[in-house]
file run.txt (compact mmCIF, C-alpha atoms and all ligand atoms)
# COMPACT_ATOMS: atom_id res chain seq x y z
CA MET A 252 24.93 20.45 -79.00
CA THR A 253 27.56 22.74 -77.50
CA ASN A 254 31.21 21.80 -77.59
CA ASN A 255 31.70 22.41 -73.90
CA HIS A 256 29.02 20.01 -72.84
CA GLU A 257 29.37 17.50 -75.61
CA TYR A 258 27.06 14.50 -75.38
CA VAL A 259 29.32 11.48 -75.54
CA HIS A 260 26.93 8.78 -76.73
CA GLY A 261 25.48 8.13 -80.15
CA TYR A 262 22.21 8.62 -82.02
CA SER A 263 22.40 5.51 -84.19
CA GLU A 264 19.30 3.44 -84.90
CA ARG A 265 20.83 0.61 -82.94
CA GLU A 266 21.47 2.81 -79.92
CA ASN A 267 17.87 4.09 -80.08
CA GLN A 268 16.49 0.56 -80.30
CA ARG A 269 18.72 -0.43 -77.37
CA LEU A 270 17.25 2.40 -75.25
CA ILE A 271 13.74 1.21 -76.08
CA ASP A 272 14.55 -2.42 -75.23
CA GLN A 273 16.18 -1.31 -71.99
CA ALA A 274 13.24 0.85 -70.96
CA THR A 275 10.65 -1.81 -71.79
CA THR A 276 12.44 -4.49 -69.83
CA LEU A 277 13.18 -2.33 -66.82
CA THR A 278 9.91 -0.42 -66.54
CA GLU A 279 8.71 -1.99 -63.30
CA LEU A 280 12.12 -1.98 -61.61
CA LEU A 281 12.91 1.66 -62.37
CA HIS A 282 9.48 3.35 -62.50
CA ASN A 283 7.26 1.58 -59.99
CA ASP A 284 7.61 4.33 -57.37
CA THR A 285 7.48 7.35 -59.70
CA LYS A 286 3.97 8.81 -59.90
CA TYR A 287 3.28 12.54 -60.21
CA PRO A 288 0.06 14.14 -58.89
CA PRO A 289 -2.65 15.53 -61.20
CA GLY A 290 -2.02 19.03 -62.46
CA THR A 291 1.71 19.08 -61.69
CA VAL A 292 4.20 20.25 -64.31
CA VAL A 293 7.10 17.83 -64.79
CA LEU A 294 10.29 18.34 -66.80
CA GLU A 295 11.77 15.26 -68.43
CA ALA A 296 15.34 16.34 -69.10
CA GLY A 297 17.05 14.54 -72.01
CA CYS A 298 14.01 12.48 -73.08
CA GLY A 299 15.79 11.05 -76.15
CA VAL A 300 13.47 8.93 -78.29
CA GLY A 301 10.89 8.76 -75.50
CA ALA A 302 11.82 5.36 -74.11
CA GLN A 303 11.04 6.51 -70.53
CA THR A 304 8.46 9.13 -71.52
CA ILE A 305 5.96 6.49 -72.51
CA THR A 306 6.02 5.06 -68.98
CA LEU A 307 6.03 8.48 -67.29
CA VAL A 308 2.88 9.65 -69.11
CA LYS A 309 1.15 6.32 -68.53
CA ASN A 310 1.92 6.20 -64.79
CA SER A 311 0.94 9.85 -64.21
CA PRO A 312 -1.83 10.45 -66.75
CA LYS A 313 -2.99 13.69 -65.15
CA ALA A 314 0.43 15.31 -64.78
CA ASN A 315 1.71 17.58 -67.57
CA PHE A 316 5.11 16.66 -68.97
CA ILE A 317 7.48 18.96 -70.80
CA CYS A 318 10.11 16.76 -72.42
CA VAL A 319 13.28 18.36 -73.70
CA ASP A 320 16.28 17.13 -75.61
CA ILE A 321 19.00 18.69 -77.69
CA SER A 322 18.38 16.32 -80.62
CA GLU A 323 15.48 17.37 -82.81
CA LYS A 324 15.41 14.00 -84.53
CA SER A 325 15.08 12.15 -81.20
CA LEU A 326 12.36 14.58 -80.05
CA LYS A 327 10.29 13.89 -83.19
CA GLU A 328 10.57 10.17 -82.59
CA ALA A 329 9.62 10.62 -78.93
CA GLN A 330 6.57 12.70 -79.83
CA CYS A 331 5.47 10.15 -82.41
CA ARG A 332 5.91 7.30 -79.92
CA VAL A 333 3.89 9.01 -77.19
CA GLU A 334 1.12 10.34 -79.43
CA SER A 335 0.65 7.11 -81.34
CA ALA A 336 0.24 5.34 -77.98
CA GLY A 337 -2.70 7.70 -77.37
CA PHE A 338 -1.24 9.99 -74.69
CA CYS A 339 -1.64 13.75 -74.87
CA ASN A 340 -0.11 14.87 -71.55
CA ALA A 341 3.41 15.51 -72.91
CA LYS A 342 4.86 18.37 -74.92
CA PHE A 343 8.21 18.15 -76.67
CA GLN A 344 10.65 21.00 -77.01
CA LYS A 345 14.22 21.36 -78.19
CA ALA A 346 16.41 22.71 -75.39
CA ASP A 347 19.93 22.49 -74.03
CA LEU A 348 19.97 21.37 -70.41
CA PHE A 349 22.64 23.97 -69.70
CA HIS A 350 20.48 26.82 -71.04
CA LEU A 351 16.91 25.87 -70.29
CA PRO A 352 14.36 28.27 -71.78
CA PHE A 353 12.07 28.32 -68.73
CA GLU A 354 11.65 30.74 -65.83
CA ASP A 355 13.39 29.85 -62.61
CA ASN A 356 11.26 27.86 -60.11
CA PHE A 357 8.97 26.72 -62.96
CA PHE A 358 8.66 22.95 -62.53
CA ASP A 359 6.98 20.98 -59.76
CA HIS A 360 9.15 17.95 -60.50
CA ILE A 361 12.08 16.93 -62.69
CA PHE A 362 12.93 13.48 -64.07
CA VAL A 363 16.30 12.55 -65.61
CA CYS A 364 17.31 9.10 -66.85
CA PHE A 365 20.60 7.91 -68.38
CA VAL A 366 21.75 11.42 -69.22
CA LEU A 367 24.35 12.47 -66.63
CA GLU A 368 26.65 9.52 -67.34
CA HIS A 369 27.20 10.88 -70.86
CA LEU A 370 28.04 14.46 -69.90
CA LYS A 371 31.37 16.06 -69.09
CA LYS A 372 29.90 18.19 -66.32
CA PRO A 373 27.06 16.36 -64.59
CA LEU A 374 27.18 18.68 -61.59
CA ASP A 375 26.61 21.72 -63.82
CA VAL A 376 23.51 20.08 -65.31
CA LEU A 377 22.15 19.35 -61.85
CA LEU A 378 22.71 22.98 -60.86
CA SER A 379 21.01 24.18 -64.04
CA LEU A 380 18.02 21.89 -63.40
CA LYS A 381 17.80 22.94 -59.76
CA LYS A 382 17.27 26.57 -60.78
CA LYS A 383 14.18 25.57 -62.76
CA LEU A 384 12.70 23.48 -59.93
CA LYS A 385 10.21 25.03 -57.49
CA PRO A 386 11.29 25.11 -53.83
CA GLY A 387 10.07 21.85 -52.31
CA GLY A 388 9.88 20.19 -55.76
CA SER A 389 11.45 16.79 -56.39
CA ILE A 390 14.13 15.62 -58.76
CA THR A 391 14.53 11.97 -59.74
CA VAL A 392 17.72 10.81 -61.43
CA ILE A 393 18.35 7.27 -62.68
CA GLU A 394 21.81 6.17 -63.83
CA GLY A 395 23.65 2.92 -64.41
CA ASP A 396 27.09 1.85 -63.19
CA HIS A 397 28.98 -0.49 -65.51
CA GLY A 398 31.30 -1.52 -62.70
CA SER A 399 28.32 -3.30 -61.15
CA ALA A 400 28.15 -5.95 -63.89
CA TYR A 401 29.06 -9.49 -62.92
CA PHE A 402 28.02 -12.76 -64.42
CA TYR A 403 28.37 -16.52 -64.71
CA PRO A 404 30.35 -18.02 -66.32
CA ASP A 405 32.92 -15.38 -65.44
CA SER A 406 35.30 -14.37 -68.22
CA ARG A 407 38.43 -12.25 -68.21
CA TYR A 408 37.73 -11.28 -71.83
CA ALA A 409 34.16 -10.22 -71.12
CA ARG A 410 35.35 -8.11 -68.17
CA GLN A 411 38.02 -6.58 -70.38
CA ALA A 412 35.43 -5.71 -73.07
CA ILE A 413 33.26 -3.97 -70.47
CA GLN A 414 36.32 -2.09 -69.25
CA CYS A 415 36.91 -0.87 -72.83
CA LEU A 416 33.45 0.71 -72.80
CA ILE A 417 34.15 2.33 -69.42
CA ASP A 418 37.53 3.66 -70.60
CA LEU A 419 36.25 4.93 -73.96
CA GLN A 420 33.39 6.77 -72.29
CA ALA A 421 35.78 8.26 -69.72
CA GLU A 422 38.09 9.43 -72.51
CA LYS A 423 35.20 11.39 -73.99
CA GLY A 424 34.46 12.96 -70.63
CA GLY A 425 31.57 10.70 -69.58
CA ASP A 426 31.39 8.50 -66.49
CA SER A 427 29.75 5.11 -66.87
CA LEU A 428 30.49 4.45 -63.18
CA ILE A 429 28.32 7.41 -62.16
CA GLY A 430 25.67 5.33 -60.36
CA ARG A 431 27.86 5.03 -57.26
CA ARG A 432 28.40 8.81 -57.35
CA MET A 433 24.72 9.77 -57.28
CA TYR A 434 24.57 10.54 -53.56
CA PRO A 435 27.62 12.83 -53.42
CA LEU A 436 26.65 14.54 -56.69
CA MET A 437 23.11 15.31 -55.57
CA CYS A 438 24.39 16.59 -52.22
CA GLU A 439 27.03 18.72 -53.92
CA ALA A 440 24.33 20.24 -56.13
CA GLY A 441 22.61 21.34 -52.92
CA PHE A 442 19.51 19.14 -53.03
CA ASN A 443 17.84 18.17 -49.74
CA ASN A 444 16.76 14.79 -48.35
CA VAL A 445 18.75 12.89 -50.95
CA SER A 446 17.90 9.21 -51.01
CA VAL A 447 19.50 6.74 -53.39
CA SER A 448 18.20 3.23 -53.98
CA PRO A 449 20.10 0.55 -55.86
CA ARG A 450 17.93 -1.34 -58.35
CA MET A 451 19.50 -4.65 -59.17
CA VAL A 452 18.66 -6.61 -62.27
CA TYR A 453 19.36 -10.27 -61.80
CA VAL A 454 18.88 -12.46 -64.86
CA ASP A 455 18.82 -16.21 -65.29
CA SER A 456 17.11 -18.41 -67.85
CA SER A 457 13.96 -18.66 -65.74
CA LYS A 458 13.28 -15.07 -66.90
CA PRO A 459 13.56 -15.34 -70.68
CA GLU A 460 12.27 -11.76 -71.23
CA TYR A 461 15.18 -10.41 -69.16
CA VAL A 462 17.69 -12.67 -70.93
CA GLU A 463 16.58 -11.15 -74.24
CA GLY A 464 15.65 -7.62 -73.14
CA PHE A 465 18.49 -6.98 -70.72
CA THR A 466 21.47 -9.36 -70.99
CA LYS A 467 21.47 -9.53 -74.79
CA ASN A 468 19.68 -6.49 -76.19
CA THR A 469 20.60 -3.93 -73.57
CA PHE A 470 23.91 -4.70 -71.92
CA THR A 471 25.76 -6.86 -74.42
CA ALA A 472 24.47 -4.73 -77.33
CA MET A 473 25.88 -1.65 -75.59
CA VAL A 474 29.32 -3.22 -75.12
CA GLU A 475 29.27 -4.60 -78.67
CA GLY A 476 28.58 -1.07 -79.92
CA VAL A 477 32.11 0.12 -79.07
CA GLY A 478 33.88 -2.83 -80.75
CA GLU A 479 35.38 -0.93 -83.64
CA GLU A 480 36.55 1.88 -81.41
CA ALA A 481 38.06 -0.48 -78.82
CA ILE A 482 39.96 -2.49 -81.43
CA GLY A 483 40.95 0.69 -83.29
CA ALA A 484 42.39 2.13 -80.09
CA GLU A 485 44.20 -1.19 -79.52
CA LEU A 486 42.57 -1.70 -76.16
CA MET A 487 41.95 -5.31 -77.21
CA ASP A 488 42.80 -7.24 -80.35
CA THR A 489 40.04 -8.59 -82.61
CA MET A 490 40.22 -12.15 -81.28
CA GLU A 491 40.16 -11.07 -77.64
CA TRP A 492 37.25 -8.72 -78.36
CA GLU A 493 35.22 -11.41 -80.13
CA LYS A 494 35.86 -13.81 -77.26
CA GLY A 495 34.73 -11.12 -74.78
CA ILE A 496 31.47 -10.53 -76.66
CA SER A 497 30.78 -14.21 -77.18
CA ASP A 498 31.43 -14.82 -73.46
CA LEU A 499 28.87 -12.10 -72.64
CA TYR A 500 26.32 -13.86 -74.88
CA ARG A 501 27.33 -17.11 -73.20
CA THR A 502 25.92 -15.73 -69.90
CA ALA A 503 22.50 -15.64 -71.63
CA GLU A 504 22.45 -19.40 -72.09
CA LYS A 505 20.47 -21.86 -69.99
CA ASP A 506 23.00 -22.11 -67.14
CA GLY A 507 24.24 -18.50 -67.33
CA THR A 508 23.41 -15.59 -65.01
CA PHE A 509 23.88 -11.83 -65.16
CA CYS A 510 23.71 -9.04 -62.56
CA TYR A 511 23.69 -5.27 -62.96
CA THR A 512 22.72 -2.42 -60.65
CA PHE A 513 21.06 0.88 -61.52
CA PHE A 514 20.91 3.72 -59.01
CA LYS A 515 17.80 5.86 -58.53
CA ALA A 516 18.20 9.11 -56.62
CA VAL A 517 15.27 11.19 -55.36
CA ALA A 518 15.86 14.56 -53.74
CA TYR A 519 14.18 17.92 -53.13
CA LYS A 520 14.97 21.61 -53.56
C1 LIG I 601 21.25 7.92 -73.44
S1 LIG I 601 20.06 9.09 -73.94
C2 LIG I 601 18.80 8.79 -72.76
C3 LIG I 601 17.45 9.15 -73.26
C4 LIG I 601 16.29 8.83 -72.33
N1 LIG I 601 16.35 9.60 -71.11
C5 LIG I 601 16.22 7.35 -72.02
O1 LIG I 601 16.38 6.98 -70.83
O2 LIG I 601 16.02 6.55 -72.93
C6 LIG I 601 20.69 10.68 -73.44
C7 LIG I 601 19.92 11.85 -74.06
O3 LIG I 601 20.43 13.08 -73.50
C8 LIG I 601 20.40 14.07 -74.53
N2 LIG I 601 21.32 15.17 -74.21
C9 LIG I 601 22.65 15.11 -74.07
N3 LIG I 601 23.16 16.32 -73.79
C10 LIG I 601 22.11 17.17 -73.73
C11 LIG I 601 21.99 18.57 -73.49
N4 LIG I 601 23.06 19.33 -73.23
N5 LIG I 601 20.77 19.12 -73.52
C12 LIG I 601 19.67 18.36 -73.79
N6 LIG I 601 19.72 17.04 -74.02
C13 LIG I 601 20.93 16.44 -74.01
C14 LIG I 601 20.83 13.30 -75.77
O4 LIG I 601 20.46 13.97 -76.95
C15 LIG I 601 20.12 11.97 -75.57
O5 LIG I 601 18.86 11.95 -76.21
call {"tool": "encode", "arguments": {"input": "run.txt", "output": "structure tokens"}}
result
Amino acid sequence: MTNNHEYVHGYSERENQRLIDQATTLTELLHNDTKYPPGTVVLEAGCGVGAQTITLVKNSPKANFICVDISEKSLKEAQCRVESAGFCNAKFQKADLFHLPFEDNFFDHIFVCFVLEHLKKPLDVLLSLKKKLKPGGSITVIEGDHGSAYFYPDSRYARQAIQCLIDLQAEKGGDSLIGRRMYPLMCEAGFNNVSVSPRMVYVDSSKPEYVEGFTKNTFTAMVEGVGEEAIGAELMDTMEWEKGISDLYRTAEKDGTFCYTFFKAVAYK
């Protein structure tokens, strides 16, 4: 990891499990229109522990994936996950997205998910990726936007806790509101035919798998993860924080609801 382009999220077991829960719950919503033709070479940039890789290789079994990440530990876990599921169309390689060890114009397609929001210079990554993409090739980028979260029952404390996460990520140079910026960013990077589609997750108790997989284990777990930091930085006191988190869990009860929007951009070189 280089200092300039520091990755501002964590590698804890809990964070890894959260990424898996998120990917499993959101597979259909985020991946249903991503299929790569046989024989094409696809870069998955920032594959992490392989939470998305497993769906990519399954949905495009005859495409060849090269999955890179800066964390060797995550790459090993990703490789294990994909191989033990019986897929052999992905290779894993340690690489820094800012210094990719491939020739220019090498990849037919590029896929990036939940990476840009954690980087200080998302535009620079897009420019670096664009160099490695063949003319006419596609890039798909999926990001969240924490400002898109709303829920019932509403709670000032829950909103404040989410804002802590947004502020702490911004302090480290990340942007957890990047979803709404996808169109201008992709255009600024010089991609053509940019199209961005919002993918809204709406959860109520008629969808118990989303209540568990998204409201509790993905979103609330993510907010909960910055508790110590938020209290330490005196953004909220302990009682306010605990009320915020318990109000987020409250939205997962029988009469609660939760909404969040991801943004999926597809563009071409
Ligand atoms: C939040 S994780 C997302 C992982 C995966 N795409 C997913 O959706 O589950 C972000 C990943 O980006 C990787 N990353 C951050 N900066 C990077 C860089 N400069 N080069 C390569 N990978 C990087 C991190 O190591 C981490 O695994």
call {"tool": "closest_residue", "arguments": {"input": "run.txt", "among": "A:Val366, A:Leu351, A:Val293, A:Ile305", "to": "ligand LIG 601 (chain I)", "atoms": "only C-alpha atoms and all ligand atoms"}}
result
A:Val366
call {"tool": "closest_atom_pairs", "arguments": {"input": "run.txt", "of": "chain A", "to": "ligand LIG 601 (chain I)", "cutoff": "9 Å", "atoms": "only C-alpha atoms and all ligand atoms", "output": "JSON lines"}}
result
{"residue": "A:Met252", "atom": "CA", "partner": "I:LIG601", "partner_atom": "N4", "distance": 6.2}
{"residue": "A:Thr253", "atom": "CA", "partner": "I:LIG601", "partner_atom": "N4", "distance": 7.1}
{"residue": "A:His256", "atom": "CA", "partner": "I:LIG601", "partner_atom": "N4", "distance": 6.0}
{"residue": "A:Glu257", "atom": "CA", "partner": "I:LIG601", "partner_atom": "N3", "distance": 6.6}
{"residue": "A:Tyr258", "atom": "CA", "partner": "I:LIG601", "partner_atom": "N3", "distance": 4.6}
{"residue": "A:Val259", "atom": "CA", "partner": "I:LIG601", "partner_atom": "C9", "distance": 7.7}
{"residue": "A:His260", "atom": "CA", "partner": "I:LIG601", "partner_atom": "C1", "distance": 6.6}
{"residue": "A:Gly261", "atom": "CA", "partner": "I:LIG601", "partner_atom": "C1", "distance": 7.9}
{"residue": "A:Tyr262", "atom": "CA", "partner": "I:LIG601", "partner_atom": "O5", "distance": 7.5}
{"residue": "A:Glu266", "atom": "CA", "partner": "I:LIG601", "partner_atom": "C1", "distance": 8.3}
{"residue": "A:Asn267", "atom": "CA", "partner": "I:LIG601", "partner_atom": "O2", "distance": 7.8}
{"residue": "A:Arg269", "atom": "CA", "partner": "I:LIG601", "partner_atom": "O2", "distance": 8.7}
{"residue": "A:Leu270", "atom": "CA", "partner": "I:LIG601", "partner_atom": "O2", "distance": 4.9}
{"residue": "A:Ile271", "atom": "CA", "partner": "I:LIG601", "partner_atom": "O2", "distance": 6.6}
{"residue": "A:Gln273", "atom": "CA", "partner": "I:LIG601", "partner_atom": "O2", "distance": 7.9}
{"residue": "A:Ala274", "atom": "CA", "partner": "I:LIG601", "partner_atom": "O2", "distance": 6.6}
{"residue": "A:Glu295", "atom": "CA", "partner": "I:LIG601", "partner_atom": "N1", "distance": 7.8}
{"residue": "A:Ala296", "atom": "CA", "partner": "I:LIG601", "partner_atom": "N6", "distance": 6.6}
{"residue": "A:Gly297", "atom": "CA", "partner": "I:LIG601", "partner_atom": "O3", "distance": 4.0}
{"residue": "A:Cys298", "atom": "CA", "partner": "I:LIG601", "partner_atom": "N1", "distance": 4.2}
{"residue": "A:Gly299", "atom": "CA", "partner": "I:LIG601", "partner_atom": "O5", "distance": 3.2}
{"residue": "A:Val300", "atom": "CA", "partner": "I:LIG601", "partner_atom": "O2", "distance": 6.4}
{"residue": "A:Gly301", "atom": "CA", "partner": "I:LIG601", "partner_atom": "O2", "distance": 6.1}
{"residue": "A:Ala302", "atom": "CA", "partner": "I:LIG601", "partner_atom": "O2", "distance": 4.5}
{"residue": "A:Gln303", "atom": "CA", "partner": "I:LIG601", "partner_atom": "O1", "distance": 5.4}
{"residue": "A:Thr304", "atom": "CA", "partner": "I:LIG601", "partner_atom": "C4", "distance": 7.9}
{"residue": "A:Val319", "atom": "CA", "partner": "I:LIG601", "partner_atom": "C12", "distance": 6.4}
{"residue": "A:Asp320", "atom": "CA", "partner": "I:LIG601", "partner_atom": "N6", "distance": 3.8}
{"residue": "A:Ile321", "atom": "CA", "partner": "I:LIG601", "partner_atom": "C12", "distance": 4.0}
{"residue": "A:Ser322", "atom": "CA", "partner": "I:LIG601", "partner_atom": "O4", "distance": 4.8}
{"residue": "A:Glu323", "atom": "CA", "partner": "I:LIG601", "partner_atom": "O4", "distance": 8.4}
{"residue": "A:Ser325", "atom": "CA", "partner": "I:LIG601", "partner_atom": "O5", "distance": 6.3}
{"residue": "A:Leu326", "atom": "CA", "partner": "I:LIG601", "partner_atom": "O5", "distance": 8.0}
{"residue": "A:Lys345", "atom": "CA", "partner": "I:LIG601", "partner_atom": "C12", "distance": 7.6}
{"residue": "A:Ala346", "atom": "CA", "partner": "I:LIG601", "partner_atom": "C12", "distance": 5.7}
{"residue": "A:Asp347", "atom": "CA", "partner": "I:LIG601", "partner_atom": "N5", "distance": 3.5}
{"residue": "A:Leu348", "atom": "CA", "partner": "I:LIG601", "partner_atom": "N5", "distance": 3.9}
{"residue": "A:Phe349", "atom": "CA", "partner": "I:LIG601", "partner_atom": "N4", "distance": 5.8}
{"residue": "A:His350", "atom": "CA", "partner": "I:LIG601", "partner_atom": "N5", "distance": 8.1}
{"residue": "A:Leu351", "atom": "CA", "partner": "I:LIG601", "partner_atom": "N5", "distance": 8.4}
{"residue": "A:Phe362", "atom": "CA", "partner": "I:LIG601", "partner_atom": "N1", "distance": 8.7}
{"residue": "A:Val363", "atom": "CA", "partner": "I:LIG601", "partner_atom": "N1", "distance": 6.2}
{"residue": "A:Cys364", "atom": "CA", "partner": "I:LIG601", "partner_atom": "N1", "distance": 4.4}
{"residue": "A:Phe365", "atom": "CA", "partner": "I:LIG601", "partner_atom": "C2", "distance": 4.8}
{"residue": "A:Val366", "atom": "CA", "partner": "I:LIG601", "partner_atom": "C6", "distance": 4.4}
{"residue": "A:Leu367", "atom": "CA", "partner": "I:LIG601", "partner_atom": "O3", "distance": 7.9}
{"residue": "A:Glu368", "atom": "CA", "partner": "I:LIG601", "partner_atom": "C1", "distance": 8.3}
{"residue": "A:His369", "atom": "CA", "partner": "I:LIG601", "partner_atom": "C9", "distance": 7.0}
{"residue": "A:Leu370", "atom": "CA", "partner": "I:LIG601", "partner_atom": "N3", "distance": 6.5}
{"residue": "A:Val376", "atom": "CA", "partner": "I:LIG601", "partner_atom": "N4", "distance": 8.0}
{"residue": "A:Ile393", "atom": "CA", "partner": "I:LIG601", "partner_atom": "O1", "distance": 8.4}
{"residue": "A:Glu394", "atom": "CA", "partner": "I:LIG601", "partner_atom": "O1", "distance": 8.9}
call {"tool": "closest_residue", "arguments": {"input": "run.txt", "among": "A:Glu460, A:Glu328, A:Asp498, A:Asp284", "to": "Asn310 (chain A)", "atoms": "all atoms listed in the file"}}
result
A:Asp284
call {"tool": "axis_aligned_box", "arguments": {"input": "run.txt", "around": "region 361-369 of chain A", "padding_each_side": "8 Å", "output": "JSON"}}
result
{"center_x": 19.6, "center_y": 12.4, "center_z": -66.8, "size_x": 31.1, "size_y": 25.0, "size_z": 24.2}
call {"tool": "atom_distance", "arguments": {"input": "run.txt", "atom1": "CA of Ile390 (chain A)", "atom2": "CA of Ile361 (chain A)"}}
result
4.6 Å
call {"tool": "closest_residue", "arguments": {"input": "run.txt", "among": "A:Ala516, A:Asp375, A:Tyr500, A:Thr469", "to": "Val445 (chain A)", "atoms": "all atoms listed in the file"}}
result
A:Ala516
call {"tool": "residues_around", "arguments": {"input": "run.txt", "residues": "region 409-423 of chain A", "least_positions_apart": "3", "cutoff": "6 Å", "atoms": "only C-alpha atoms", "output": "NGL selection string"}}
result
:A and (406 or 426-427 or 495 or 498-499)
call {"tool": "write_last_selection", "arguments": {"input": "run.txt", "atoms": "C-alpha atoms", "output": "tab-separated table (two decimals), keeping the file's coordinate frame"}}
result
chain	number	residue	atom	x	y	z
A	406	SER	CA	35.30	-14.37	-68.22
A	426	ASP	CA	31.39	8.50	-66.49
A	427	SER	CA	29.75	5.11	-66.87
A	495	GLY	CA	34.73	-11.12	-74.78
A	498	ASP	CA	31.43	-14.82	-73.46
A	499	LEU	CA	28.87	-12.10	-72.64
call {"tool": "decode", "arguments": {"input": "run.txt", "residues": "region 402-431 of chain A", "atoms": "C-alpha atoms", "output": "PDB file, in the first residue's frame"}}
result
ATOM      1  CA  PHE A 402     -35.437   4.263   7.165  1.00  0.00           C
ATOM      2  CA  TYR A 403     -38.470   3.832   9.381  1.00  0.00           C
ATOM      3  CA  PRO A 404     -38.724   4.545  12.240  1.00  0.00           C
ATOM      4  CA  ASP A 405     -36.602   7.611  11.555  1.00  0.00           C
ATOM      5  CA  SER A 406     -34.069   8.524  14.230  1.00  0.00           C
ATOM      6  CA  ARG A 407     -31.897  11.578  14.707  1.00  0.00           C
ATOM      7  CA  TYR A 408     -29.331   9.420  16.511  1.00  0.00           C
ATOM      8  CA  ALA A 409     -29.188   6.831  13.757  1.00  0.00           C
ATOM      9  CA  ARG A 410     -28.720   9.588  11.155  1.00  0.00           C
ATOM     10  CA  GLN A 411     -25.997  11.106  13.313  1.00  0.00           C
ATOM     11  CA  ALA A 412     -24.199   7.733  13.583  1.00  0.00           C
ATOM     12  CA  ILE A 413     -24.259   7.350   9.792  1.00  0.00           C
ATOM     13  CA  GLN A 414     -22.906  10.887   9.469  1.00  0.00           C
ATOM     14  CA  CYS A 415     -19.997   9.895  11.755  1.00  0.00           C
ATOM     15  CA  LEU A 416     -19.055   7.164   9.290  1.00  0.00           C
ATOM     16  CA  ILE A 417     -19.277   9.625   6.378  1.00  0.00           C
ATOM     17  CA  ASP A 418     -17.154  12.210   8.225  1.00  0.00           C
ATOM     18  CA  LEU A 419     -14.528   9.722   9.421  1.00  0.00           C
ATOM     19  CA  GLN A 420     -14.120   8.318   5.919  1.00  0.00           C
ATOM     20  CA  ALA A 421     -13.855  11.843   4.491  1.00  0.00           C
ATOM     21  CA  GLU A 422     -11.187  12.715   7.060  1.00  0.00           C
ATOM     22  CA  LYS A 423      -9.096   9.825   5.773  1.00  0.00           C
ATOM     23  CA  GLY A 424      -9.526  11.017   2.210  1.00  0.00           C
ATOM     24  CA  GLY A 425     -12.318   8.653   1.155  1.00  0.00           C
ATOM     25  CA  ASP A 426     -15.770   9.599  -0.099  1.00  0.00           C
ATOM     26  CA  SER A 427     -18.679   7.461   1.033  1.00  0.00           C
ATOM     27  CA  LEU A 428     -21.011   9.737  -0.961  1.00  0.00           C
ATOM     28  CA  ILE A 429     -19.231   8.807  -4.196  1.00  0.00           C
ATOM     29  CA  GLY A 430     -22.219   7.030  -5.767  1.00  0.00           C
ATOM     30  CA  ARG A 431     -23.781  10.343  -6.804  1.00  0.00           C
TER      31      ARG A 431
END
